[in-house]
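Comments concern the structure below.
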Amino acid sequence: MKTIKLSATDSTNSFLKDLAQNSTLENFTTVVTQNQIKGRGQQQNKWVSEPHKNLTFSIFISFTDLKVVQKKYLNFAISLAIYDVLFANNLPKPSIKWPNDILSANKKICGILIENTFSGDRIKNSFVGIGININQETFPAYLNNATSLKLETGLEYDLDLLLKAILDEIKKNIKRLTSQNFNLLEEKYLDVLYKKNIPTMFKNSKDEIFMGMISGISDFGKLQVQLEDDVIKEFGLKEISFL
Ligand code: BTN
């Protein structure tokens, strides 16, 4: 497995995607930088990370037999791998907020951006971008919901060691995925899913507020919410937010 270390780059995801266009990449090729200048998040958000304090990296994973309808399992595999490593490093009250934010209590410590290419009904290549706040101690006011491993545990962490642990765990889970061990991944994910089975206030895309309880994840990865009349409704990423 090849790891490319860059002293600085705009976005490790963009760098890796450009590389894949111009060369044949070995599976699990990883690009990591300690200074990501224009980090990209989900839904056109930015990912801002203080240089030399955190992990910002992207992994190339190619598939031969993963159906588009199974893409939620890829998300489970990646987010659980990070969850497990943070849990093992004493992160208090960890959970995964759908689809793949890692939280400590109500604060976000990790964001994941998975960008796929497709071939027919299959996922061909996946560019998995991961940003984890590790040793950062202060955040700008607009990131008032952010935290880091150091803020939560009081300890300083070795970035290289953590990266290695995460890559090892991701490889293990991708093996589970390619050997179609889907149930295990789904069970574990639902077990640590933020607000699962807890009455919660949500907002829909029309800004209407409603109560519901997360009950599961649909085939295409939508959030299933049991409403007050017991009907289960499915929501995509742009259709629902937590209050
Ligand atoms: C999110 O929470 O919206 C996802 C954030 C993903 C950030 C990571 S940092 C490494 C990789 N490169 C990027 O430009 N984005 C991802």
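Starting from 1 in every chain, residues are counted up; chains themselves are A, B, ... following the order of the structure tokens, and ligands are numbered from 1 as listed.
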Skip A:Lys108 itself and residues of its chain fewer than 5 positions away, then list as a list in words all residues within 12 Å of it, counting only C-alpha atoms.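 Those residues are Trp47, Leu91, Lys93, Pro94, Ser95, Ile96, Lys97, Trp98, Asn100, Asp101, Ile102, Leu103, Gly131, Ile132, Asn133, Ile134, Phe139, Leu143, Asn144, Asn145, Ala146, Thr147, Ser148, Leu149, Leu151, Glu152 and Tyr194 of chain A.
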List every residue of chain A that has an atom at most 10 Å from any atom of ligand 1, giving for each one its closest atom pair and the distance in Å to one decimal, counting only C-alpha atoms and all ligand atoms, sorted by chain and then by ascending residue number, as a tab-separated table.
```
residue	atom	partner	partner_atom_place_in_ligand_line	distance
A:Thr9	CA	ligand 1	14 (O)	9.3
A:Asp10	CA	ligand 1	14 (O)	7.2
A:Ser11	CA	ligand 1	14 (O)	3.9
A:Thr12	CA	ligand 1	12 (N)	4.3
A:Asn13	CA	ligand 1	12 (N)	4.4
A:Ser14	CA	ligand 1	14 (O)	6.6
A:Phe15	CA	ligand 1	12 (N)	8.5
A:Leu16	CA	ligand 1	12 (N)	9.1
A:Val31	CA	ligand 1	10 (C)	8.8
A:Val32	CA	ligand 1	10 (C)	7.8
A:Thr33	CA	ligand 1	10 (C)	8.4
A:Gln36	CA	ligand 1	14 (O)	7.5
A:Ile37	CA	ligand 1	14 (O)	8.6
A:Lys38	CA	ligand 1	14 (O)	6.4
A:Gly39	CA	ligand 1	14 (O)	3.5
A:Arg40	CA	ligand 1	14 (O)	3.7
A:Gly41	CA	ligand 1	3 (O)	3.3
A:Gln42	CA	ligand 1	3 (O)	3.7
A:Gln43	CA	ligand 1	3 (O)	6.9
A:Gln44	CA	ligand 1	3 (O)	7.9
A:Asn45	CA	ligand 1	3 (O)	5.9
A:Lys46	CA	ligand 1	3 (O)	7.0
A:Trp47	CA	ligand 1	7 (C)	5.2
A:Val48	CA	ligand 1	7 (C)	8.1
A:Ser49	CA	ligand 1	9 (S)	8.0
A:Asn54	CA	ligand 1	9 (S)	9.5
A:Leu55	CA	ligand 1	9 (S)	7.5
A:Thr56	CA	ligand 1	10 (C)	4.1
A:Phe57	CA	ligand 1	10 (C)	4.4
A:Ser58	CA	ligand 1	11 (C)	5.4
A:Ile59	CA	ligand 1	11 (C)	8.9
A:Pro99	CA	ligand 1	2 (O)	9.6
A:Asn100	CA	ligand 1	2 (O)	7.7
A:Asp101	CA	ligand 1	2 (O)	6.1
A:Ile102	CA	ligand 1	2 (O)	8.9
A:Lys108	CA	ligand 1	2 (O)	8.5
A:Ile109	CA	ligand 1	2 (O)	9.2
A:Cys110	CA	ligand 1	2 (O)	6.7
A:Gly111	CA	ligand 1	2 (O)	3.3
A:Ile112	CA	ligand 1	4 (C)	4.1
A:Leu113	CA	ligand 1	6 (C)	4.5
A:Ile114	CA	ligand 1	6 (C)	8.2
A:Glu115	CA	ligand 1	16 (C)	9.7
A:Phe127	CA	ligand 1	11 (C)	8.9
A:Val128	CA	ligand 1	11 (C)	7.3
A:Gly129	CA	ligand 1	11 (C)	3.6
A:Ile130	CA	ligand 1	8 (C)	4.1
A:Gly131	CA	ligand 1	9 (S)	3.7
A:Ile132	CA	ligand 1	9 (S)	7.4
A:Asn133	CA	ligand 1	9 (S)	9.8
```
I need the chosen residues saved as a CSV table (one decimal), in the first residue's frame, with N, CA and C atoms.
```
chain,number,residue,atom,x,y,z
A,9,THR,N,-1.6,20.8,0.4
A,9,THR,CA,-2.4,20.7,-0.9
A,9,THR,C,-3.8,21.3,-0.7
A,10,ASP,N,-4.5,21.6,-1.8
A,10,ASP,CA,-5.8,22.1,-1.7
A,10,ASP,C,-6.7,21.2,-1.0
A,11,SER,N,-6.9,20.0,-1.6
A,11,SER,CA,-7.8,19.0,-1.0
A,11,SER,C,-7.2,17.6,-1.3
A,12,THR,N,-7.0,16.8,-0.3
A,12,THR,CA,-6.5,15.4,-0.6
A,12,THR,C,-7.4,14.6,-1.5
A,13,ASN,N,-8.7,14.8,-1.4
A,13,ASN,CA,-9.6,14.1,-2.3
A,13,ASN,C,-9.4,14.5,-3.7
A,14,SER,N,-9.3,15.9,-4.0
A,14,SER,CA,-9.1,16.4,-5.3
A,14,SER,C,-7.8,15.9,-5.9
A,15,PHE,N,-6.7,15.9,-5.0
A,15,PHE,CA,-5.4,15.4,-5.5
A,15,PHE,C,-5.5,14.0,-5.9
A,16,LEU,N,-6.1,13.1,-5.1
A,16,LEU,CA,-6.2,11.7,-5.4
A,16,LEU,C,-7.0,11.4,-6.6
A,31,VAL,N,-3.4,9.5,0.3
A,31,VAL,CA,-2.8,10.8,0.2
A,31,VAL,C,-3.0,11.5,1.6
A,32,VAL,N,-2.0,12.0,2.2
A,32,VAL,CA,-2.2,12.7,3.5
A,32,VAL,C,-1.4,14.0,3.5
A,33,THR,N,-2.0,15.0,4.1
A,33,THR,CA,-1.3,16.2,4.3
A,33,THR,C,-1.5,16.8,5.7
A,36,GLN,N,-4.0,21.1,4.7
A,36,GLN,CA,-5.0,21.1,3.6
A,36,GLN,C,-5.6,22.5,3.5
A,37,ILE,N,-5.5,23.1,2.4
A,37,ILE,CA,-5.8,24.5,2.3
A,37,ILE,C,-7.3,24.8,1.9
A,38,LYS,N,-7.8,23.9,1.0
A,38,LYS,CA,-9.2,24.1,0.6
A,38,LYS,C,-10.0,22.8,0.8
A,39,GLY,N,-10.1,22.3,2.0
A,39,GLY,CA,-10.7,21.0,2.3
A,39,GLY,C,-12.2,21.1,1.9
A,40,ARG,N,-12.7,20.0,1.3
A,40,ARG,CA,-14.1,20.0,0.9
A,40,ARG,C,-14.9,19.0,1.8
A,41,GLY,N,-16.1,19.5,2.1
A,41,GLY,CA,-17.0,18.7,2.9
A,41,GLY,C,-18.2,18.2,2.1
A,42,GLN,N,-19.2,17.6,2.8
A,42,GLN,CA,-20.4,17.2,2.2
A,42,GLN,C,-21.2,18.4,1.9
A,43,GLN,N,-22.1,18.3,0.9
A,43,GLN,CA,-23.0,19.4,0.5
A,43,GLN,C,-22.3,20.7,0.3
A,44,GLN,N,-21.2,20.7,-0.4
A,44,GLN,CA,-20.5,21.9,-0.8
A,44,GLN,C,-19.9,22.7,0.5
A,45,ASN,N,-19.9,22.0,1.6
A,45,ASN,CA,-19.3,22.7,2.8
A,45,ASN,C,-17.8,22.6,2.7
A,46,LYS,N,-17.2,23.5,3.5
A,46,LYS,CA,-15.7,23.5,3.6
A,46,LYS,C,-15.3,22.6,4.8
A,47,TRP,N,-14.1,22.1,4.7
A,47,TRP,CA,-13.5,21.4,5.9
A,47,TRP,C,-12.3,22.2,6.3
A,48,VAL,N,-12.3,22.8,7.5
A,48,VAL,CA,-11.2,23.7,7.9
A,48,VAL,C,-10.5,22.9,9.0
A,49,SER,N,-9.1,22.9,8.9
A,49,SER,CA,-8.3,22.1,9.8
A,49,SER,C,-7.0,22.9,10.1
A,54,ASN,N,-3.9,17.9,12.9
A,54,ASN,CA,-5.0,17.0,12.7
A,54,ASN,C,-4.6,16.0,11.6
A,55,LEU,N,-5.6,15.1,11.3
A,55,LEU,CA,-5.4,14.2,10.2
A,55,LEU,C,-6.4,14.6,9.1
A,56,THR,N,-5.8,14.8,7.9
A,56,THR,CA,-6.7,15.0,6.7
A,56,THR,C,-6.1,14.2,5.6
A,57,PHE,N,-6.8,13.2,5.2
A,57,PHE,CA,-6.3,12.2,4.2
A,57,PHE,C,-7.4,11.6,3.4
A,58,SER,N,-7.0,11.0,2.2
A,58,SER,CA,-7.9,10.4,1.3
A,58,SER,C,-7.4,9.0,0.9
A,59,ILE,N,-8.3,8.1,0.7
A,59,ILE,CA,-7.9,6.7,0.3
A,59,ILE,C,-8.6,6.3,-0.9
A,99,PRO,N,-25.1,10.6,8.0
A,99,PRO,CA,-24.6,9.3,7.5
A,99,PRO,C,-23.3,8.9,8.1
A,100,ASN,N,-22.4,9.9,8.4
A,100,ASN,CA,-21.0,9.5,8.8
A,100,ASN,C,-20.2,10.5,9.6
A,101,ASP,N,-20.9,11.4,10.3
A,101,ASP,CA,-20.1,12.2,11.2
A,101,ASP,C,-19.8,11.4,12.4
A,102,ILE,N,-18.6,11.6,13.0
A,102,ILE,CA,-18.3,10.9,14.2
A,102,ILE,C,-18.4,12.0,15.3
A,108,LYS,N,-18.8,17.4,17.0
A,108,LYS,CA,-18.2,16.7,15.8
A,108,LYS,C,-16.7,16.6,15.9
A,109,ILE,N,-16.2,15.4,15.7
A,109,ILE,CA,-14.7,15.3,15.7
A,109,ILE,C,-14.2,14.8,14.4
A,110,CYS,N,-15.1,14.2,13.6
A,110,CYS,CA,-14.6,13.7,12.3
A,110,CYS,C,-15.7,13.8,11.2
A,111,GLY,N,-15.3,14.2,10.0
A,111,GLY,CA,-16.1,14.3,8.8
A,111,GLY,C,-15.6,13.4,7.7
A,112,ILE,N,-16.5,12.8,6.9
A,112,ILE,CA,-16.1,11.9,5.9
A,112,ILE,C,-16.8,12.3,4.6
A,113,LEU,N,-16.0,12.3,3.5
A,113,LEU,CA,-16.5,12.6,2.2
A,113,LEU,C,-16.2,11.5,1.3
A,114,ILE,N,-17.2,10.7,0.9
A,114,ILE,CA,-17.0,9.6,0.0
A,114,ILE,C,-17.4,9.9,-1.4
A,115,GLU,N,-16.5,10.0,-2.4
A,115,GLU,CA,-16.8,10.3,-3.8
A,115,GLU,C,-16.6,9.1,-4.6
A,127,PHE,N,-13.2,7.3,-3.6
A,127,PHE,CA,-12.2,8.3,-3.1
A,127,PHE,C,-12.8,8.7,-1.7
A,128,VAL,N,-12.2,8.1,-0.7
A,128,VAL,CA,-12.7,8.3,0.7
A,128,VAL,C,-11.9,9.3,1.4
A,129,GLY,N,-12.5,10.5,1.7
A,129,GLY,CA,-11.8,11.6,2.3
A,129,GLY,C,-12.2,11.6,3.8
A,130,ILE,N,-11.2,11.8,4.6
A,130,ILE,CA,-11.4,11.7,6.1
A,130,ILE,C,-10.7,12.9,6.8
A,131,GLY,N,-11.4,13.7,7.5
A,131,GLY,CA,-10.8,14.7,8.3
A,131,GLY,C,-11.1,14.4,9.8
A,132,ILE,N,-10.1,14.3,10.6
A,132,ILE,CA,-10.3,14.1,12.1
A,132,ILE,C,-9.5,15.1,12.9
A,133,ASN,N,-10.2,15.8,13.8
A,133,ASN,CA,-9.6,16.7,14.6
A,133,ASN,C,-8.9,16.0,15.8
```
Can you tell me, as a list of chain:residue names, what residues are no more than 10 Å from stretch 168-179 of chain A when counting only C-alpha atoms, ignoring any on the same chain fewer than 5 positions away?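 Contacts, with the query itself left out: A:Phe28, A:Ile59, A:Ile61, A:Phe63, A:Thr64, A:Asp65, A:Leu66, A:Gln70, A:Tyr73, A:Leu74, A:Phe76, A:Ala77, A:Ile78, A:Ser79, A:Leu80, A:Ala81, A:Ile82, A:Tyr83, A:Asp84, A:Val85, A:Leu162, A:Leu163, A:Leu184, A:Leu185.
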Just list the residues in stretch 8-212 of chain A DSSP gives helix (DSSP H, G or I) on the backbone, as a ChimeraX atom specification. /A:12-22,42-44,68-88,141-143,149-153,159-178,182-191
What is the distance between atom CA of A:Lys67 and atom CA of A:Ser218, in Å to one decimal?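 Straight-line distance from atom CA of A:Lys67 to atom CA of A:Ser218 works out to 14.4 Å.
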Using only C-alpha atoms, find each residue of stretch 103-211 of chain A with at least one atom at most 7 Å away from an atom of stretch 232-241 of chain A; report its shortest atom-to-atom pair and that distance in Å (one decimal), sort the rows by chain and rising residue number, and return the result as a tab-separated table.
```
residue	atom	partner	partner_atom	distance
A:Phe202	CA	A:Ser241	CA	5.7
A:Lys203	CA	A:Ser241	CA	5.3
A:Asn204	CA	A:Ile240	CA	4.5
A:Ser205	CA	A:Glu239	CA	4.9
```
Can you write just those residues out, N, CA and C atoms, as a CSV table (one decimal), in the first residue's frame?
```csv
chain,number,residue,atom,x,y,z
A,202,PHE,N,-36.6,17.0,14.3
A,202,PHE,CA,-35.9,17.2,13.1
A,202,PHE,C,-36.5,18.4,12.3
A,203,LYS,N,-35.8,18.8,11.3
A,203,LYS,CA,-36.3,19.8,10.4
A,203,LYS,C,-36.3,19.3,9.0
A,204,ASN,N,-37.4,19.4,8.2
A,204,ASN,CA,-37.3,19.0,6.8
A,204,ASN,C,-36.9,20.1,5.9
A,205,SER,N,-36.8,19.8,4.6
A,205,SER,CA,-36.3,20.8,3.6
A,205,SER,C,-37.2,22.0,3.5
```
Please report, as a PyMOL selection string, each residue of stretch 9-174 of chain A to which DSSP assigns strand (DSSP E or B) when run on this structure's backbone. chain A and resi 9+30-33+36+39-40+46-47+55-67+94-97+101-104+107-119+122-132+146
How many Å separate atom CA of A:Leu159 from atom CA of A:Gln34?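 Computed distance, atom CA of A:Leu159 to atom CA of A:Gln34, equals 9.5 Å.
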